[in-house]
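Containing CSV, C-alpha atoms: coords-v1.csv.
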```csv
chain,number,residue,atom,x,y,z
O,41,MET,CA,66.6,120.7,90.6
O,42,TYR,CA,69.2,120.5,87.9
O,43,LYS,CA,71.3,117.6,86.8
O,44,VAL,CA,74.6,118.8,85.5
O,45,LYS,CA,77.2,116.7,83.5
O,46,VAL,CA,80.7,118.1,83.7
O,47,PHE,CA,83.4,117.0,81.3
O,48,VAL,CA,87.0,117.7,82.2
O,49,THR,CA,89.7,117.2,79.7
O,50,LEU,CA,93.5,117.9,79.8
O,51,LYS,CA,94.7,120.8,77.8
O,52,GLU,CA,96.3,119.9,74.5
O,53,SER,CA,99.7,121.1,75.6
O,54,VAL,CA,99.8,119.0,78.7
O,55,ILE,CA,101.3,115.5,79.0
O,56,ASP,CA,98.8,112.7,79.9
O,57,PRO,CA,100.7,109.7,81.4
O,58,GLN,CA,97.6,107.6,81.6
O,59,GLY,CA,96.5,108.4,78.0
O,60,ALA,CA,100.0,107.6,76.7
O,61,ALA,CA,100.1,104.2,78.5
O,62,ALA,CA,96.6,103.4,77.2
O,63,THR,CA,97.6,104.5,73.6
O,64,LYS,CA,100.7,102.3,73.7
O,65,ALA,CA,98.8,99.2,75.1
O,66,LEU,CA,96.0,99.4,72.6
O,67,GLN,CA,98.3,100.0,69.6
O,68,GLN,CA,100.5,97.1,70.7
O,69,SER,CA,97.4,94.8,71.0
O,70,GLY,CA,96.9,95.3,67.2
O,71,LEU,CA,94.5,98.3,67.2
O,72,THR,CA,96.8,100.2,64.9
O,73,GLU,CA,94.2,102.7,63.7
O,74,LEU,CA,94.4,104.3,67.1
O,75,GLN,CA,96.3,107.6,67.1
O,76,GLU,CA,95.9,108.8,70.7
O,77,VAL,CA,94.0,108.4,73.9
O,78,ARG,CA,93.5,111.3,76.2
O,79,VAL,CA,92.0,110.5,79.6
O,80,GLY,CA,89.7,113.0,81.2
O,81,LYS,CA,87.0,113.0,83.9
O,82,TYR,CA,83.3,113.0,83.9
O,83,MET,CA,81.3,114.3,86.9
O,84,GLU,CA,77.6,114.6,87.7
O,85,LEU,CA,76.3,117.4,89.9
O,86,SER,CA,72.8,117.7,91.4
O,87,ILE,CA,72.0,121.3,92.1
O,88,LYS,CA,69.1,122.8,93.9
O,89,LYS,CA,67.1,125.4,92.1
O,90,THR,CA,67.7,128.9,93.7
O,91,ASP,CA,67.5,132.5,92.6
O,92,ARG,CA,71.1,132.2,91.4
O,93,ASN,CA,71.9,131.5,87.8
O,94,VAL,CA,72.8,127.8,87.6
O,95,GLU,CA,75.5,128.2,84.9
O,96,GLU,CA,77.2,130.7,87.1
O,97,ALA,CA,77.1,128.3,90.0
O,98,VAL,CA,78.6,125.5,88.0
O,99,HIS,CA,81.4,127.7,86.7
O,100,ASP,CA,82.1,128.6,90.4
O,101,MET,CA,82.2,125.0,91.4
O,102,CYS,CA,84.5,124.1,88.6
O,103,ARG,CA,86.9,126.9,89.2
O,104,LYS,CA,87.0,126.5,92.9
O,105,LEU,CA,87.7,122.8,93.0
O,106,LEU,CA,86.6,120.5,90.3
O,107,VAL,CA,88.9,121.8,87.5
O,108,ASN,CA,92.5,122.9,87.6
O,109,GLU,CA,92.2,125.5,84.9
O,110,MET,CA,95.9,125.8,84.4
O,111,VAL,CA,96.1,122.3,82.9
O,112,GLU,CA,92.5,121.3,82.3
O,113,ASP,CA,89.5,122.5,80.2
O,114,TYR,CA,85.9,121.8,81.0
O,115,ARG,CA,82.4,122.0,79.5
O,116,PHE,CA,79.1,121.1,80.9
O,117,GLU,CA,75.5,120.2,80.1
O,118,ILE,CA,72.6,121.3,82.3
O,119,GLU,CA,69.3,119.4,82.4
O,120,GLU,CA,66.4,120.6,84.5
O,121,VAL,CA,64.7,117.8,86.4
O,122,VAL,CA,61.0,118.5,87.4
O,123,GLY,CA,58.6,116.7,89.7
O,124,GLN,CA,61.0,114.6,91.8
Y,55,MET,CA,111.9,128.3,116.9
Y,56,LYS,CA,108.4,127.1,117.1
Y,57,CYS,CA,107.2,125.1,114.1
Y,58,ALA,CA,103.5,124.3,113.1
Y,59,ILE,CA,102.9,120.9,111.5
Y,60,VAL,CA,99.6,121.0,109.7
Y,61,VAL,CA,97.7,117.7,109.7
Y,62,PHE,CA,94.7,117.0,107.4
Y,63,PRO,CA,92.7,113.8,107.4
Y,64,GLY,CA,94.9,111.4,105.5
Y,65,THR,CA,98.2,113.1,106.2
Y,66,SER,CA,100.7,110.4,107.3
Y,67,CYS,CA,104.2,111.8,107.6
Y,68,GLU,CA,103.5,114.2,110.5
Y,69,GLN,CA,105.2,112.0,113.2
Y,70,ASP,CA,108.4,111.7,111.2
Y,71,THR,CA,108.4,115.4,110.6
Y,72,TYR,CA,107.7,116.0,114.3
Y,73,GLN,CA,110.6,113.8,115.3
Y,74,ALA,CA,112.9,115.6,112.8
Y,75,ILE,CA,112.1,119.0,114.3
Y,76,SER,CA,111.8,118.1,118.0
Y,77,VAL,CA,114.2,115.3,118.6
Y,78,THR,CA,116.8,115.7,115.8
Y,79,LEU,CA,116.8,119.5,115.4
Y,80,GLY,CA,115.9,120.1,119.0
Y,81,GLU,CA,113.3,122.8,118.4
Y,82,LYS,CA,109.6,123.1,119.3
Y,83,ALA,CA,106.9,121.5,117.1
Y,84,GLU,CA,103.2,121.3,117.4
Y,85,PHE,CA,100.4,119.7,115.4
Y,86,LEU,CA,97.7,121.8,114.0
Y,87,LYS,CA,94.5,120.6,112.3
Y,88,HIS,CA,92.8,121.6,109.1
Y,89,ASP,CA,90.5,124.0,110.9
Y,90,ALA,CA,93.1,125.9,112.8
Y,91,THR,CA,92.5,129.7,112.5
Y,92,ASN,CA,95.6,131.3,114.0
Y,93,LEU,CA,99.2,130.6,113.1
Y,94,GLU,CA,100.6,133.8,114.5
Y,95,GLU,CA,102.6,132.2,117.3
Y,96,TYR,CA,104.6,129.9,114.9
Y,97,ASP,CA,107.9,130.8,113.2
Y,98,ALA,CA,107.7,128.1,110.5
Y,99,ILE,CA,105.0,126.1,108.9
Y,100,ILE,CA,105.4,122.6,107.6
Y,101,LEU,CA,102.8,120.7,105.5
Y,102,PRO,CA,103.9,117.1,105.7
Y,103,GLY,CA,103.4,114.3,103.3
Y,104,GLY,CA,100.6,111.7,103.0
Y,105,THR,CA,97.3,111.4,101.2
Y,106,SER,CA,95.1,114.2,102.4
Y,107,TYR,CA,91.4,113.5,101.8
Y,108,GLY,CA,92.4,110.4,99.9
Y,109,ASP,CA,93.6,112.4,96.9
Y,110,ALA,CA,90.0,113.2,96.1
Y,111,VAL,CA,89.5,115.2,92.8
Y,112,ARG,CA,93.3,116.0,92.6
Y,113,PRO,CA,96.0,115.4,95.3
Y,114,GLY,CA,96.0,118.4,97.7
Y,115,SER,CA,92.9,120.0,96.2
Y,116,ILE,CA,90.5,119.5,99.1
Y,117,ALA,CA,93.1,120.3,101.7
Y,118,SER,CA,93.9,123.6,99.9
Y,119,MET,CA,90.3,124.8,100.6
Y,120,GLN,CA,90.4,124.2,104.3
Y,121,PRO,CA,90.4,127.2,106.8
Y,122,VAL,CA,94.0,126.6,107.9
Y,123,MET,CA,95.2,127.4,104.4
Y,124,LYS,CA,94.1,131.0,104.6
Y,125,GLU,CA,96.4,131.3,107.6
Y,126,VAL,CA,99.2,129.5,105.8
Y,127,ALA,CA,98.8,132.0,103.0
Y,128,LYS,CA,99.0,134.9,105.5
Y,129,ALA,CA,102.2,133.4,107.1
Y,130,ALA,CA,103.7,133.0,103.6
Y,131,GLU,CA,102.8,136.6,102.8
Y,132,ALA,CA,104.4,137.8,106.1
Y,133,GLY,CA,107.6,136.1,105.0
Y,134,LYS,CA,107.6,133.1,107.3
Y,135,PRO,CA,109.1,129.9,106.0
Y,136,VAL,CA,106.5,127.5,104.7
Y,137,LEU,CA,107.7,124.0,103.6
Y,138,GLY,CA,105.4,121.5,101.8
Y,139,ILE,CA,106.7,117.9,101.5
Y,140,GLY,CA,105.2,115.5,99.1
Y,141,ASN,CA,101.4,115.9,99.5
Y,142,GLY,CA,102.2,119.2,101.2
Y,143,PHE,CA,103.8,120.4,98.0
Y,144,GLN,CA,100.6,119.4,96.2
Y,145,VAL,CA,98.6,121.4,98.7
Y,146,LEU,CA,100.8,124.5,98.2
Y,147,ILE,CA,100.3,124.3,94.5
Y,148,GLU,CA,96.5,123.8,94.7
Y,149,ALA,CA,96.4,126.7,97.1
Y,150,GLY,CA,98.2,128.9,94.6
Y,151,LEU,CA,101.2,129.5,96.8
Y,152,LEU,CA,103.5,127.9,94.2
Y,153,PRO,CA,103.1,127.8,90.4
Y,154,GLY,CA,102.5,124.7,88.2
Y,155,ALA,CA,100.8,121.4,88.7
Y,156,LEU,CA,101.7,117.9,89.9
Y,157,PHE,CA,100.5,115.0,87.7
Y,158,ARG,CA,100.6,111.3,88.0
Y,159,ASN,CA,104.0,109.8,87.6
Y,160,GLU,CA,104.9,109.1,84.0
Y,161,SER,CA,105.4,105.4,84.9
Y,162,LEU,CA,101.9,105.4,86.5
Y,163,ARG,CA,103.6,103.7,89.5
Y,164,PHE,CA,104.2,104.8,93.0
Y,165,VAL,CA,107.9,105.3,93.5
Y,166,CYS,CA,109.6,104.9,96.8
Y,167,LYS,CA,113.4,105.0,96.9
Y,168,PRO,CA,116.4,107.3,97.6
Y,169,VAL,CA,117.2,109.7,94.7
Y,170,GLN,CA,120.0,112.1,94.1
Y,171,LEU,CA,119.2,115.8,93.9
Y,172,LYS,CA,121.2,118.8,92.8
Y,173,VAL,CA,120.8,121.9,94.8
Y,174,GLY,CA,119.8,124.5,92.3
Y,175,SER,CA,120.0,127.4,94.6
Y,176,ASN,CA,121.3,127.9,98.1
Y,177,GLU,CA,119.8,131.3,98.5
Y,178,SER,CA,116.4,130.2,99.8
Y,179,TRP,CA,115.3,129.9,103.4
Y,180,PHE,CA,115.8,126.1,103.1
Y,181,THR,CA,119.1,125.6,101.4
Y,182,SER,CA,121.7,127.9,103.0
Y,183,HIS,CA,123.4,124.9,104.6
Y,184,PHE,CA,124.1,123.4,101.1
Y,185,GLU,CA,126.6,124.4,98.4
Y,186,LYS,CA,125.1,125.5,95.1
Y,187,ASN,CA,125.1,122.5,92.7
Y,188,GLU,CA,125.8,120.1,95.6
Y,189,ILE,CA,124.6,116.6,95.0
Y,190,ILE,CA,122.6,115.2,97.9
Y,191,SER,CA,120.5,112.1,98.5
Y,192,ILE,CA,116.9,112.2,99.9
Y,193,PRO,CA,114.2,109.5,99.4
Y,194,VAL,CA,111.0,110.0,97.3
Y,195,ALA,CA,107.7,108.3,98.0
Y,196,HIS,CA,104.9,109.4,95.7
Y,197,GLY,CA,102.5,108.6,92.9
Y,198,TYR,CA,101.8,112.2,91.9
Y,199,GLY,CA,105.1,113.9,91.7
Y,200,ASN,CA,105.3,114.7,88.0
Y,201,TYR,CA,105.8,118.4,88.1
Y,202,TYR,CA,104.4,120.4,85.1
Y,203,CYS,CA,104.5,124.1,84.3
Y,204,ASP,CA,104.4,126.0,81.0
Y,205,GLU,CA,107.5,127.4,79.4
Y,206,ALA,CA,106.9,131.0,80.5
Y,207,THR,CA,106.6,129.9,84.1
Y,208,LEU,CA,109.7,127.7,83.8
Y,209,ALA,CA,111.7,130.6,82.4
Y,210,GLU,CA,110.5,132.9,85.1
Y,211,MET,CA,111.4,130.4,87.8
Y,212,LYS,CA,114.9,129.9,86.3
Y,213,GLU,CA,115.4,133.7,86.2
Y,214,ASN,CA,114.4,134.1,89.9
Y,215,ASN,CA,116.4,131.0,91.1
Y,216,GLN,CA,113.2,129.3,92.2
Y,217,ILE,CA,114.2,125.9,91.1
Y,218,ILE,CA,115.7,124.6,94.3
Y,219,PHE,CA,116.0,120.9,93.8
Y,220,ILE,CA,116.7,119.0,90.5
Y,221,TYR,CA,116.7,115.2,90.1
Y,222,ALA,CA,120.4,114.4,89.4
Y,223,SER,CA,120.7,110.7,89.0
Y,224,GLU,CA,117.4,109.8,87.5
Y,225,ASN,CA,114.0,111.5,87.1
Y,226,PRO,CA,111.6,109.2,89.0
Y,227,ASN,CA,108.4,110.7,87.7
Y,228,GLY,CA,108.9,112.5,84.4
Y,229,SER,CA,108.8,116.1,85.8
Y,230,THR,CA,109.4,119.1,83.6
Y,231,ALA,CA,113.1,120.1,83.6
Y,232,ASP,CA,113.8,117.3,86.2
Y,233,ILE,CA,112.2,119.5,88.9
Y,234,ALA,CA,112.1,118.0,92.4
Y,235,GLY,CA,111.4,121.2,94.4
Y,236,ILE,CA,110.6,124.8,93.8
Y,237,SER,CA,110.2,128.0,95.8
Y,238,ASN,CA,108.1,131.1,95.5
Y,239,LYS,CA,109.8,134.3,94.2
Y,240,LYS,CA,110.6,135.5,97.7
Y,241,GLY,CA,112.2,132.1,98.6
Y,242,ASN,CA,110.3,131.6,101.8
Y,243,VAL,CA,107.8,129.0,100.5
Y,244,LEU,CA,109.3,125.6,99.3
Y,245,GLY,CA,107.5,122.6,97.8
Y,246,MET,CA,109.4,119.4,97.3
Y,247,MET,CA,108.5,115.9,96.4
Y,248,PRO,CA,111.5,114.2,98.2
Y,249,HIS,CA,111.0,113.6,102.0
Y,250,PRO,CA,113.8,115.4,104.0
Y,251,GLU,CA,112.3,114.1,107.3
Y,252,ARG,CA,113.3,110.6,106.2
Y,253,ALA,CA,117.0,111.6,105.9
Y,254,VAL,CA,117.9,113.3,109.2
Y,255,ASP,CA,119.8,110.7,111.2
Y,256,GLU,CA,122.7,108.4,110.5
Y,257,LEU,CA,120.4,105.5,111.4
Y,258,PHE,CA,118.4,106.3,108.2
Y,259,GLY,CA,121.6,106.1,106.1
Y,260,ASN,CA,122.1,109.8,105.5
Y,261,THR,CA,121.5,113.2,107.0
Y,262,ASP,CA,121.2,115.4,103.9
Y,263,GLY,CA,117.5,116.1,104.8
Y,264,LEU,CA,118.6,117.6,108.1
Y,265,ASN,CA,120.4,120.4,106.4
Y,266,ILE,CA,117.0,121.7,105.1
Y,267,PHE,CA,115.7,122.0,108.7
Y,268,GLN,CA,119.0,123.5,109.9
Y,269,SER,CA,118.9,126.0,107.1
Y,270,ILE,CA,115.4,127.2,108.3
Y,271,LEU,CA,116.7,127.4,111.9
Y,272,ALA,CA,119.8,129.3,110.9
Y,273,ILE,CA,117.9,132.0,109.0
Y,274,TRP,CA,115.3,132.2,111.7
Y,275,ARG,CA,118.0,132.8,114.2
Y,276,GLU,CA,119.6,135.5,112.1
Y,277,SER,CA,116.3,137.2,111.3
Y,278,TYR,CA,114.3,137.0,114.5
Y,279,ALA,CA,116.1,135.6,117.5
Y,280,ASN,CA,118.4,138.5,117.9
Y,281,ALA,CA,115.9,141.1,116.9
```
Show how you would write the structure in this file as structure tokens.
Amino acid sequence: MYKVKVFVTLKESVIDPQGAAATKALQQSGLTELQEVRVGKYMELSIKKTDRNVEEAVHDMCRKLLVNEMVEDYRFEIEEVVGQ
Amino acid sequence: MKCAIVVFPGTSCEQDTYQAISVTLGEKAEFLKHDATNLEEYDAIILPGGTSYGDAVRPGSIASMQPVMKEVAKAAEAGKPVLGIGNGFQVLIEAGLLPGALFRNESLRFVCKPVQLKVGSNESWFTSHFEKNEIISIPVAHGYGNYYCDEATLAEMKENNQIIFIYASENPNGSTADIAGISNKKGNVLGMMPHPERAVDELFGNTDGLNIFQSILAIWRESYANA
């Protein structure tokens, strides 16, 4: 069994309405050191151990649905969980 | 003309679309579900608006993976008209049938009101009943209508007359180049955020939306009915 943490972020070139609104609100509240907020997504996957390479499987899942590669980037961390 | 209206769990504009086709336009329309596997008998495909799969992951993303979308892609490839409205536009983008992405509105608010649109091209399957650059009014109702594409894609779409509808009075969502609706290169697949099915009868205040359905019917008659 693997626990996989997937981090999805918007590409630099892409506008982020949520991040822009958060940036403005925080700056206006007096937190003037803030330069920019970019809002992304965090996902946890539980994956059964099979013959297939787990990294390859996670890439497949990201490309197929979890990430829109045209506007988002992703990275992930894999942790093997034993004895559960 | 026989029109398929594709319904996913969470789709909500299918009845309005059905009424527009069957009552107002006077053509045949049938509902098909997400697991339909054969669209061959239909002349036109419409993906209506709503919130398929509760907008999980990204609006339209889960719907784009359903079995029916393989058939929609085949129909598009075969040159049949495919119209995606609102969430249907999001599904077509997620399915790769149209370029770009649709983000959350710049205001972060759901917008629901009539907007003015400029007809960017009247050479598509969907706009032959309009004049080029004609200003029309059709309502929008969406939270994720902020169209985005990179500069190369935008230039290519301009070159090919794929920018079909442009917000004319105000841009309700912050979309790139004020884009409200785009087609594929061939002009037989259209995605648009405004809801033409909500502007098909004088009772609704205007009938500009009906011209879109009439355009589809007119080209269908020219291409197939006499063949």
Check your understanding: How many Å lie between atom CA of Leu106 of chain O and atom CA of Val54 of chain O, rounded to one decimal?
Key ->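 So the two atoms, atom CA of Leu106 of chain O and atom CA of Val54 of chain O, lie 17.6 Å apart.
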Practice item. Between atom CA of Ile218 of chain Y and atom CA of Asp56 of chain O, measure the distance and give it in Å to one decimal. Key: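 Straight-line distance from atom CA of Ile218 of chain Y to atom CA of Asp56 of chain O works out to 25.2 Å.
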Point to revise | chain O contacts on chain Y, only C-alpha atoms, 9 Å, as a count of residues only | key: 17
Practice item. Kindly indicate which residue among O:Arg103, O:Leu66, O:Arg115, O:Arg92 lies nearest to Thr49 of chain O, using all atoms listed in the file for the distances. Key: O:Arg115
Practice item. May I ask which of the residues Y:Glu210, Y:Gly174, Y:Asp255, Y:Tyr107 is the closest one to Val77 of chain Y, counting all atoms listed in the file? Key: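 Of the candidates, the smallest distance to Val77 of chain Y is held by Y:Asp255.
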Review point. Which residue out of Y:Asn92, Y:Ser118, Y:Gly103, Y:Gly133 has the minimum interatomic distance to Glu68 of chain Y when all atoms listed in the file are used?
Key: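 Ranked by minimum distance to Glu68 of chain Y, first place goes to Y:Gly103.
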Contact check, segment 112-155 of chain Y to segment 269-279 of chain Y, at most 12 Å, counting all atoms listed in the file, closest pairs as CSV:
```
residue,atom,partner,partner_atom,distance
Y:Gly133,CA,Y:Ser277,CA,10.8
Y:Lys134,CA,Y:Trp274,CA,8.9
Y:Pro135,CA,Y:Ile270,CA,7.2
Y:Val136,CA,Y:Ile270,CA,9.6
Y:Leu137,CA,Y:Ile270,CA,9.6
```
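Distances here use all atoms listed in the file; by that measure, the residue among Y:Gly245, Y:Pro193, Y:Pro226, Y:Pro153 closest to Glu205 of chain Y is Y:Pro153.
Picture a line from atom CA of Tyr201 of chain Y to atom CA of Gln216 of chain Y; it runs 13.8 Å.
In this comparison, which uses only C-alpha atoms, the residue of O:Gly123, O:Gly70, O:Lys89, O:Glu117 approaching Val46 of chain O most closely is O:Glu117.
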Check your understanding: Between O:Cys102, O:Ala65, O:Val79, O:Val122, which one has atoms that come closest to Lys51 of chain O, using all atoms listed in the file?
Key ->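 For Lys51 of chain O, the nearest of the given residues is O:Val79.
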